[in-house]
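Source file: entry_14.cif. Holds: mmCIF, C-alpha atoms.
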data_coords
loop_
_atom_site.label_atom_id
_atom_site.label_comp_id
_atom_site.auth_asym_id
_atom_site.auth_seq_id
_atom_site.Cartn_x
_atom_site.Cartn_y
_atom_site.Cartn_z
CA MET A 10 -24.71 0.84 13.77
CA ALA A 11 -23.55 -2.78 14.14
CA THR A 12 -21.68 -4.73 11.50
CA ARG A 13 -20.83 -8.42 11.65
CA ILE A 14 -18.94 -10.34 8.96
CA THR A 15 -18.82 -14.14 9.18
CA VAL A 16 -16.53 -16.18 6.94
CA LEU A 17 -18.76 -18.98 5.68
CA VAL A 18 -16.34 -20.62 3.22
CA ASP A 19 -12.56 -20.39 2.93
CA ASP A 20 -9.52 -22.51 2.10
CA ARG A 21 -8.84 -22.79 5.84
CA ARG A 22 -10.98 -23.03 8.92
CA ALA A 23 -11.01 -21.37 12.30
CA GLN A 24 -13.30 -24.02 13.76
CA PRO A 25 -12.46 -27.75 13.39
CA ALA A 26 -16.01 -28.88 12.60
CA LEU A 27 -16.29 -26.72 9.47
CA ALA A 28 -15.69 -27.74 5.87
CA THR A 29 -12.95 -26.17 3.77
CA GLU A 30 -12.46 -25.79 0.04
CA HIS A 31 -10.75 -23.46 -2.40
CA GLY A 32 -13.48 -20.87 -2.31
CA LEU A 33 -14.85 -17.91 -0.43
CA ALA A 34 -18.20 -16.77 0.94
CA PHE A 35 -19.16 -14.18 3.54
CA TRP A 36 -22.34 -13.65 5.54
CA VAL A 37 -22.64 -9.92 6.06
CA GLU A 38 -24.93 -8.27 8.62
CA HIS A 39 -25.01 -4.49 8.51
CA ASP A 40 -27.40 -2.19 10.32
CA GLY A 41 -30.06 -4.89 10.55
CA HIS A 42 -29.70 -6.08 6.93
CA LYS A 43 -28.29 -9.45 5.83
CA LEU A 44 -26.71 -10.55 2.58
CA LEU A 45 -24.51 -13.24 1.08
CA LEU A 46 -21.29 -12.11 -0.61
CA ASP A 47 -20.10 -14.88 -2.93
CA ALA A 48 -21.05 -18.53 -2.46
CA GLY A 49 -17.89 -20.63 -2.36
CA ALA A 50 -17.06 -23.37 -4.84
CA SER A 51 -19.64 -25.92 -3.74
CA GLY A 52 -22.98 -25.90 -2.05
CA GLN A 53 -21.76 -28.64 0.28
CA ALA A 54 -19.34 -26.41 2.17
CA LEU A 55 -21.67 -23.41 2.13
CA LEU A 56 -24.70 -25.25 3.51
CA ARG A 57 -22.77 -27.32 6.04
CA ASN A 58 -20.92 -24.34 7.47
CA ALA A 59 -23.99 -22.12 7.55
CA GLU A 60 -25.85 -24.74 9.58
CA ALA A 61 -22.90 -25.27 11.94
CA LEU A 62 -22.61 -21.52 12.51
CA GLY A 63 -26.33 -21.04 13.06
CA ILE A 64 -26.78 -18.86 9.98
CA ARG A 65 -30.16 -18.99 8.24
CA LEU A 66 -29.33 -18.40 4.59
CA GLU A 67 -33.01 -17.90 3.79
CA GLU A 68 -32.81 -14.61 5.69
CA ALA A 69 -30.52 -13.13 3.02
CA GLU A 70 -32.05 -10.02 1.48
CA ALA A 71 -29.64 -10.08 -1.48
CA ILE A 72 -26.68 -11.85 -3.05
CA ALA A 73 -23.61 -9.93 -4.20
CA LEU A 74 -20.81 -11.32 -6.37
CA SER A 75 -17.25 -10.05 -6.25
CA HIS A 76 -16.51 -11.61 -9.67
CA GLY A 77 -17.43 -14.57 -11.85
CA HIS A 78 -14.99 -17.33 -10.88
CA PHE A 79 -16.30 -20.77 -9.88
CA ASP A 80 -14.75 -20.66 -6.40
CA HIS A 81 -16.99 -17.68 -5.61
CA THR A 82 -20.12 -18.75 -7.49
CA GLY A 83 -20.24 -22.56 -7.41
CA GLY A 84 -22.47 -22.67 -4.34
CA LEU A 85 -25.23 -20.59 -5.94
CA ALA A 86 -27.13 -23.59 -7.28
CA ALA A 87 -27.40 -25.06 -3.79
CA VAL A 88 -28.39 -21.88 -1.98
CA ILE A 89 -30.86 -20.39 -4.49
CA PRO A 90 -33.74 -22.77 -3.61
CA ARG A 91 -33.52 -21.54 -0.02
CA LEU A 92 -33.64 -17.86 -0.84
CA GLY A 93 -36.86 -17.34 -2.72
CA GLY A 94 -36.92 -14.28 -4.94
CA VAL A 95 -33.97 -12.10 -4.02
CA ASP A 96 -31.85 -9.84 -6.18
CA LEU A 97 -28.31 -10.74 -7.25
CA TYR A 98 -25.91 -7.81 -7.69
CA ALA A 99 -22.91 -8.21 -9.98
CA HIS A 100 -20.96 -6.74 -12.86
CA PRO A 101 -22.29 -7.89 -16.27
CA ASP A 102 -18.92 -9.46 -17.12
CA ALA A 103 -19.35 -11.88 -14.22
CA PHE A 104 -21.21 -14.04 -16.76
CA VAL A 105 -18.42 -13.95 -19.36
CA ARG A 106 -16.83 -17.37 -19.84
CA LYS A 107 -13.53 -17.65 -17.99
CA TYR A 108 -10.62 -20.08 -18.24
CA SER A 109 -7.31 -21.09 -16.73
CA LYS A 110 -4.51 -22.19 -19.03
CA THR A 111 -2.33 -24.95 -17.61
CA PRO A 112 1.47 -25.07 -18.13
CA ALA A 113 0.81 -27.84 -20.68
CA GLY A 114 -1.48 -25.53 -22.64
CA ALA A 115 -4.79 -27.14 -21.69
CA TRP A 116 -7.86 -24.99 -21.04
CA GLN A 117 -9.92 -25.35 -17.86
CA SER A 118 -13.27 -23.63 -17.52
CA ILE A 119 -13.34 -21.65 -14.24
CA GLY A 120 -16.32 -19.35 -14.73
CA ILE A 121 -19.79 -19.24 -13.24
CA ALA A 122 -21.80 -22.35 -14.15
CA LEU A 123 -25.22 -20.66 -14.19
CA THR A 124 -26.36 -18.23 -16.84
CA GLN A 125 -28.27 -15.06 -16.13
CA ALA A 126 -31.33 -16.64 -17.75
CA GLN A 127 -31.11 -19.68 -15.47
CA LEU A 128 -30.85 -17.50 -12.38
CA GLU A 129 -33.82 -15.39 -13.37
CA ALA A 130 -35.85 -18.50 -14.20
CA ALA A 131 -35.19 -19.57 -10.59
CA GLY A 132 -36.58 -16.26 -9.30
CA ILE A 133 -33.25 -14.47 -8.86
CA PHE A 134 -33.36 -11.06 -10.54
CA CYS A 135 -29.89 -9.97 -11.70
CA ARG A 136 -29.02 -6.32 -11.14
CA LEU A 137 -25.91 -5.82 -13.23
CA SER A 138 -23.84 -2.66 -13.30
CA LYS A 139 -20.35 -1.60 -14.32
CA THR A 140 -20.54 1.38 -11.98
CA PRO A 141 -21.10 1.58 -8.21
CA GLN A 142 -24.50 0.38 -7.09
CA GLU A 143 -26.25 0.35 -3.75
CA VAL A 144 -27.25 -3.15 -2.66
CA MET A 145 -29.15 -2.00 0.44
CA PRO A 146 -28.90 0.98 2.80
CA GLY A 147 -25.24 1.56 3.62
CA VAL A 148 -24.04 -1.35 1.45
CA TRP A 149 -22.49 -0.74 -1.97
CA LEU A 150 -20.52 -2.51 -4.67
CA THR A 151 -17.62 -0.54 -6.11
CA GLY A 152 -18.12 -1.41 -9.76
CA GLU A 153 -14.99 -1.18 -11.93
CA PRO A 154 -12.26 0.69 -10.06
CA VAL A 155 -9.73 3.03 -11.60
CA ARG A 156 -6.54 0.97 -11.68
CA ASP A 157 -3.03 1.83 -10.65
CA PRO A 158 -1.15 -0.95 -12.52
CA ARG A 159 1.49 -1.13 -9.80
CA CYS A 160 -1.13 -2.65 -7.48
CA VAL A 161 -2.76 -5.09 -9.91
CA PRO A 162 -1.86 -8.78 -9.36
CA SER A 163 -0.27 -10.55 -12.32
CA THR A 164 -2.38 -13.50 -13.55
CA PRO A 165 -1.23 -14.25 -17.13
CA HIS A 166 -2.70 -17.78 -16.99
CA LEU A 167 -6.30 -16.54 -16.51
CA TYR A 168 -8.36 -15.84 -19.63
CA ALA A 169 -11.84 -14.76 -20.65
CA ASP A 170 -13.88 -14.91 -23.83
CA ASN A 171 -14.11 -11.69 -25.79
CA PRO A 172 -15.85 -10.77 -29.07
CA VAL A 173 -12.44 -10.85 -30.77
CA GLY A 174 -11.38 -14.15 -29.19
CA ARG A 175 -10.01 -15.52 -25.94
CA ILE A 176 -7.88 -12.94 -24.13
CA ILE A 177 -6.03 -12.57 -20.85
CA ASP A 178 -8.81 -11.71 -18.44
CA PRO A 179 -8.98 -7.94 -17.83
CA PHE A 180 -11.23 -8.63 -14.80
CA HIS A 181 -13.63 -5.81 -15.47
CA ASP A 182 -16.09 -7.71 -13.27
CA ASP A 183 -13.85 -7.64 -10.18
CA GLN A 184 -15.30 -5.45 -7.43
CA ALA A 185 -15.62 -5.21 -3.66
CA LEU A 186 -18.38 -4.69 -1.13
CA VAL A 187 -18.38 -1.41 0.81
CA LEU A 188 -20.06 -1.09 4.21
CA LEU A 189 -20.72 2.49 5.25
CA GLY A 190 -21.13 3.70 8.81
CA PRO A 191 -20.84 6.88 10.89
CA ASP A 192 -17.32 5.88 11.98
CA GLY A 193 -15.99 5.11 8.51
CA PHE A 194 -16.20 2.31 5.97
CA ILE A 195 -15.20 -1.34 5.59
CA VAL A 196 -14.10 -3.02 2.35
CA VAL A 197 -14.78 -6.72 1.74
CA SER A 198 -12.98 -8.23 -1.23
CA GLY A 199 -13.37 -11.55 -3.02
CA CYS A 200 -10.03 -11.89 -4.82
CA ALA A 201 -9.05 -8.30 -5.65
CA HIS A 202 -7.95 -9.22 -9.17
CA SER A 203 -8.09 -5.50 -9.95
CA GLY A 204 -5.87 -4.72 -6.95
CA ILE A 205 -6.94 -4.33 -3.34
CA VAL A 206 -5.59 -0.77 -3.17
CA ASN A 207 -7.56 0.17 -6.29
CA LEU A 208 -10.72 -1.31 -4.78
CA CYS A 209 -10.18 0.59 -1.54
CA ARG A 210 -9.70 3.84 -3.44
CA ALA A 211 -12.97 3.18 -5.29
CA ALA A 212 -14.65 2.48 -1.96
CA GLN A 213 -13.27 5.73 -0.59
CA GLN A 214 -14.92 7.61 -3.46
CA ILE A 215 -18.27 6.10 -2.43
CA ALA A 216 -17.77 6.74 1.29
CA ASN A 217 -16.19 10.18 0.98
CA PRO A 218 -16.48 11.44 -2.61
CA ARG A 219 -14.88 14.80 -1.83
CA ARG A 220 -12.16 13.19 0.30
CA LEU A 221 -12.70 15.60 3.16
CA VAL A 222 -10.02 15.46 5.85
CA GLY A 223 -11.24 13.55 8.90
CA GLN A 224 -14.04 11.79 7.05
CA GLY A 225 -14.21 8.38 5.42
CA ARG A 226 -11.94 6.37 7.73
CA LEU A 227 -11.00 3.03 6.19
CA ARG A 228 -11.75 0.95 9.27
CA ALA A 229 -10.94 -2.47 7.83
CA VAL A 230 -10.06 -4.39 4.68
CA VAL A 231 -11.31 -7.98 4.67
CA GLY A 232 -10.96 -10.85 2.21
CA GLY A 233 -8.78 -12.28 -0.53
CA PHE A 234 -6.06 -10.05 -1.99
CA HIS A 235 -4.58 -12.41 -4.65
CA LEU A 236 -0.97 -11.68 -3.78
CA GLY A 237 0.35 -15.24 -3.81
CA SER A 238 2.49 -14.64 -6.89
CA ALA A 239 3.02 -10.92 -6.38
CA SER A 240 6.48 -9.50 -6.98
CA ILE A 241 8.29 -7.72 -4.16
CA GLU A 242 7.54 -4.44 -5.92
CA GLN A 243 3.81 -5.21 -6.23
CA LEU A 244 3.59 -6.26 -2.61
CA GLN A 245 5.41 -3.14 -1.47
CA SER A 246 3.16 -0.91 -3.60
CA THR A 247 0.13 -2.61 -2.07
CA ILE A 248 1.36 -2.10 1.50
CA GLU A 249 2.28 1.53 0.80
CA GLY A 250 -1.10 2.14 -0.82
CA LEU A 251 -3.00 0.67 2.12
CA HIS A 252 -0.98 2.76 4.54
CA ALA A 253 -1.62 5.89 2.48
CA LEU A 254 -5.36 5.21 2.70
CA GLY A 255 -5.10 5.14 6.48
CA THR A 256 -6.18 1.51 6.68
CA GLU A 257 -6.79 0.63 10.31
CA ALA A 258 -7.20 -3.16 10.16
CA ILE A 259 -6.31 -5.96 7.76
CA TYR A 260 -8.08 -9.36 7.71
CA PRO A 261 -6.59 -11.46 4.85
CA CYS A 262 -7.76 -14.90 3.72
CA HIS A 263 -8.40 -17.15 0.68
CA CYS A 264 -6.03 -16.23 -2.18
CA THR A 265 -3.85 -13.70 -0.34
CA GLY A 266 -0.92 -16.12 -0.14
CA ASP A 267 1.20 -17.11 2.85
CA ALA A 268 4.16 -14.84 2.10
CA ALA A 269 1.91 -11.84 1.45
CA THR A 270 -0.07 -12.55 4.61
CA ARG A 271 3.15 -12.55 6.62
CA ALA A 272 4.20 -9.28 5.00
CA LEU A 273 0.83 -7.69 5.77
CA VAL A 274 0.97 -8.90 9.37
CA GLN A 275 4.39 -7.32 9.72
CA ALA A 276 3.28 -4.10 8.01
CA PHE A 277 0.18 -3.71 10.19
CA PRO A 278 1.36 -5.22 13.50
CA ARG A 279 -1.33 -3.64 15.66
CA PHE A 280 -4.27 -4.07 13.35
CA ARG A 281 -4.19 -7.40 11.54
CA GLN A 282 -5.64 -10.88 11.89
CA PRO A 283 -5.69 -13.65 9.28
CA ILE A 284 -9.17 -15.14 9.08
CA ALA A 285 -10.70 -18.43 7.90
CA ALA A 286 -14.03 -20.28 7.74
CA GLY A 287 -15.81 -19.68 11.04
CA SER A 288 -14.10 -16.37 11.81
CA ILE A 289 -16.49 -13.66 12.99
CA LEU A 290 -15.62 -9.97 12.83
CA ASN A 291 -17.66 -7.46 14.79
CA PHE A 292 -17.42 -3.73 14.16
#
Structure re-expressed in structure tokens:
Amino acid sequence: MATRITVLVDDRRAQPALATEHGLAFWVEHDGHKLLLDAGASGQALLRNAEALGIRLEEAEAIALSHGHFDHTGGLAAVIPRLGGVDLYAHPDAFVRKYSKTPAGAWQSIGIALTQAQLEAAGIFCRLSKTPQEVMPGVWLTGEPVRDPRCVPSTPHLYADNPVGRIIDPFHDDQALVLLGPDGFIVVSGCAHSGIVNLCRAAQQIANPRRLVGQGRLRAVVGGFHLGSASIEQLQSTIEGLHALGTEAIYPCHCTGDAATRALVQAFPRFRQPIAAGSILNF
């Protein structure tokens, strides 16, 4: 069973001809199936990089969203006309309005620009679930993970609308992609606002629900970990949690943060590699 993950959009690039932006998108090929995980912040970077990398976005069988921030959903409007009628998998709260509060107290809208109704009018059927759902054979989304607060990044400046008013975003919509295979499983994260360790534990429950010894190897953790402002204690809890899960490889990018990336590289010296737009991982 072959798995290939290509970084389509990231804040950095591994190939000089590619575009960069504050955003993230992955092209995932797993056991003959193809899907798009997130879509970056703009269609410009997504389409340019896909063409440069020889990726035919129209071959996507589905779209999956890690959460509802603009830097992961902004490219949807550009890519949807190329996809025809495919399903989009997400948590229902991905469509909740989201904001960033500046130090001066100003509000900036940072949520998804398209509504569910607009997507479905364009032929994209939205399959929304708070619990784990299978996107295609061997490919799952975790849904809302159980959270160990020690491993949850602190983001007090990020808010979301709620029936009672605007609140600090609880990130119920944050989830990760899980790729299952006979040799174990791979976790692909967007930003891990709910904590990368918590997402990996949720993925483990999908891959090995009874946690049998010798089964459910965590072969790799890929993506953004949102540890740029993590405390020393949070970072240490994250590293300890990943080690406890038996994580074999770490591939950080996007919002992980330079200091956290260095710490992860040091903590996993044999099995780590920072990635960027144009990076290709084969498993």
- [ ] For Gln213 of chain A, work out the shell of residues within 8 Å, counting all atoms listed in the file and skipping chain neighbours fewer than 4 positions away, then give it as a ChimeraX atom specification.
- [x] /A:194,209,217-218,220,225,227
Keeping only C-alpha atoms, write the selected residues as an mmCIF file, in the frame of the given file.
data_model
loop_
_atom_site.group_PDB
_atom_site.id
_atom_site.type_symbol
_atom_site.label_atom_id
_atom_site.label_comp_id
_atom_site.auth_asym_id
_atom_site.auth_seq_id
_atom_site.Cartn_x
_atom_site.Cartn_y
_atom_site.Cartn_z
ATOM 1 C CA PHE A 194 -16.200 2.310 5.970
ATOM 2 C CA CYS A 209 -10.180 0.590 -1.540
ATOM 3 C CA ASN A 217 -16.190 10.180 0.980
ATOM 4 C CA PRO A 218 -16.480 11.440 -2.610
ATOM 5 C CA ARG A 220 -12.160 13.190 0.300
ATOM 6 C CA GLY A 225 -14.210 8.380 5.420
ATOM 7 C CA LEU A 227 -11.000 3.030 6.190
#
Starting from the PyMOL selection byres ((chain A and resi 211) around 9), expand the selection into actual residues of this file and give them as a PyMOL selection string.
chain A and resi 141+151-155+185+206-210+212-216
Would you mind exporting the chosen residues as a PDB file, keeping the file's coordinate frame, restricted to C-alpha atoms?
ATOM      1  CA  PRO A 141     -21.100   1.580  -8.210  1.00  0.00           C
ATOM      2  CA  THR A 151     -17.620  -0.540  -6.110  1.00  0.00           C
ATOM      3  CA  GLY A 152     -18.120  -1.410  -9.760  1.00  0.00           C
ATOM      4  CA  GLU A 153     -14.990  -1.180 -11.930  1.00  0.00           C
ATOM      5  CA  PRO A 154     -12.260   0.690 -10.060  1.00  0.00           C
ATOM      6  CA  VAL A 155      -9.730   3.030 -11.600  1.00  0.00           C
ATOM      7  CA  ALA A 185     -15.620  -5.210  -3.660  1.00  0.00           C
ATOM      8  CA  VAL A 206      -5.590  -0.770  -3.170  1.00  0.00           C
ATOM      9  CA  ASN A 207      -7.560   0.170  -6.290  1.00  0.00           C
ATOM     10  CA  LEU A 208     -10.720  -1.310  -4.780  1.00  0.00           C
ATOM     11  CA  CYS A 209     -10.180   0.590  -1.540  1.00  0.00           C
ATOM     12  CA  ARG A 210      -9.700   3.840  -3.440  1.00  0.00           C
ATOM     13  CA  ALA A 212     -14.650   2.480  -1.960  1.00  0.00           C
ATOM     14  CA  GLN A 213     -13.270   5.730  -0.590  1.00  0.00           C
ATOM     15  CA  GLN A 214     -14.920   7.610  -3.460  1.00  0.00           C
ATOM     16  CA  ILE A 215     -18.270   6.100  -2.430  1.00  0.00           C
ATOM     17  CA  ALA A 216     -17.770   6.740   1.290  1.00  0.00           C
TER      18      ALA A 216
END
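With atom CA of Ala26 of chain A on one side and atom CA of Pro278 of chain A on the other, the separation reads 29.4 Å.
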Test item: the PyMOL selection byres ((chain A and resi 192) around 10) resolved as a PyMOL selection string:
chain A and resi 10+189-191+193-195+224-228+292
Next item on the list: Give me the residues within 7 Å of segment 81-92 of chain A as a ChimeraX atom specification, counting only C-alpha atoms and dropping any in the same chain fewer than 2 places off.
Entry: /A:32-34,47-52,55,66-67,69,77-79,94-95,121-122
Identify all residues satisfying the PyMOL selection byres ((chain A and resi 157-168) around 6) in the given file; provide them as a PyMOL selection string.
chain A and resi 107-110+156+169+176-178+203-204+243+247
Please define a box with edges along x, y and z of the file around all atoms of segment 196-215 of chain A given in the file, extend it by 3 Å on each side, and return its centre and edge lengths in Å to one decimal, as AutoDock Vina command-line options.
--center_x -11.9 --center_y -2.1 --center_z -3.8 --size_x 18.7 --size_y 25.5 --size_z 18.3
Find the nearest atom pair between each residue of segment 212-273 of chain A and segment 279-283 of chain A for residues within 12 Å, count all atoms listed in the file, give distances in Å to one decimal, sort rows by chain and ascending number, and present the table as a Markdown table.
| residue | atom | partner | partner_atom | distance |
| --- | --- | --- | --- | --- |
| A:Arg228 | CA | A:Phe280 | CA | 9.9 |
| A:Ala229 | CA | A:Phe280 | CA | 8.8 |
| A:Val230 | CA | A:Arg281 | CA | 9.5 |
| A:Val231 | CA | A:Pro283 | CA | 9.2 |
| A:Gly232 | CA | A:Pro283 | CA | 9.3 |
| A:Gly233 | CA | A:Pro283 | CA | 10.4 |
| A:Phe234 | CA | A:Pro283 | CA | 11.8 |
| A:His252 | CA | A:Phe280 | CA | 11.6 |
| A:Gly255 | CA | A:Phe280 | CA | 11.5 |
| A:Thr256 | CA | A:Phe280 | CA | 8.9 |
| A:Glu257 | CA | A:Phe280 | CA | 6.1 |
| A:Ala258 | CA | A:Phe280 | CA | 4.4 |
| A:Ile259 | CA | A:Arg281 | CA | 4.6 |
| A:Tyr260 | CA | A:Gln282 | CA | 5.1 |
| A:Pro261 | CA | A:Pro283 | CA | 5.0 |
| A:Cys262 | CA | A:Pro283 | CA | 6.1 |
| A:His263 | CA | A:Pro283 | CA | 9.7 |
| A:Cys264 | CA | A:Pro283 | CA | 11.8 |
| A:Thr265 | CA | A:Pro283 | CA | 9.8 |
| A:Gly266 | CA | A:Pro283 | CA | 10.8 |
| A:Asp267 | CA | A:Pro283 | CA | 10.0 |
| A:Ala269 | CA | A:Pro283 | CA | 11.1 |
| A:Thr270 | CA | A:Pro283 | CA | 7.4 |
| A:Arg271 | CA | A:Pro283 | CA | 9.3 |
| A:Ala272 | CA | A:Arg281 | CA | 10.8 |
| A:Leu273 | CA | A:Arg281 | CA | 7.7 |
Residue contacts of Ala61 of chain A (10 Å, only C-alpha atoms) excluding same-chain residues fewer than 2 positions away, as an MDAnalysis selection string:
chainID A and resid 17 24 26:28 56:59 63:64 287
What separates atom CA of Thr29 of chain A and atom CA of Ala285 of chain A is a distance of 9.1 Å
Expressed in Å, the length from atom CA of His39 of chain A to atom CA of Ala130 of chain A is 28.8 Å
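Shortest separation to Asp182 of chain A among A:Arg136, A:His235, A:Arg106, A:His100 occurs at residue A:His100, atoms counted being only C-alpha atoms.
Closest approach to Asp102 of chain A from the set A:Lys43, A:His202, A:His181, A:Arg22 is made by A:His181, with distances taken over only C-alpha atoms.
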As a PDB file with C-alpha atoms, in the frame of the given file, please: the residues near Ala71 of chain A (cut-off 8 Å, only C-alpha atoms, same-chain neighbours under 2 positions excluded).
ATOM      1  CA  LYS A  43     -28.290  -9.450   5.830  1.00  0.00           C
ATOM      2  CA  LEU A  44     -26.710 -10.550   2.580  1.00  0.00           C
ATOM      3  CA  LEU A  45     -24.510 -13.240   1.080  1.00  0.00           C
ATOM      4  CA  ALA A  69     -30.520 -13.130   3.020  1.00  0.00           C
ATOM      5  CA  ALA A  73     -23.610  -9.930  -4.200  1.00  0.00           C
ATOM      6  CA  VAL A  95     -33.970 -12.100  -4.020  1.00  0.00           C
ATOM      7  CA  ASP A  96     -31.850  -9.840  -6.180  1.00  0.00           C
ATOM      8  CA  LEU A  97     -28.310 -10.740  -7.250  1.00  0.00           C
ATOM      9  CA  TYR A  98     -25.910  -7.810  -7.690  1.00  0.00           C
ATOM     10  CA  VAL A 144     -27.250  -3.150  -2.660  1.00  0.00           C
TER      11      VAL A 144
END
The residue from A:Val18, A:Phe134, A:Glu249, A:Ser75 with the smallest atom-to-atom distance to Phe180 of chain A, counting only C-alpha atoms, is A:Ser75
Using only C-alpha atoms, the residue out of A:Leu128, A:Leu188, A:Asn171, A:Gly250 with shortest distance to Arg13 of chain A is A:Leu188
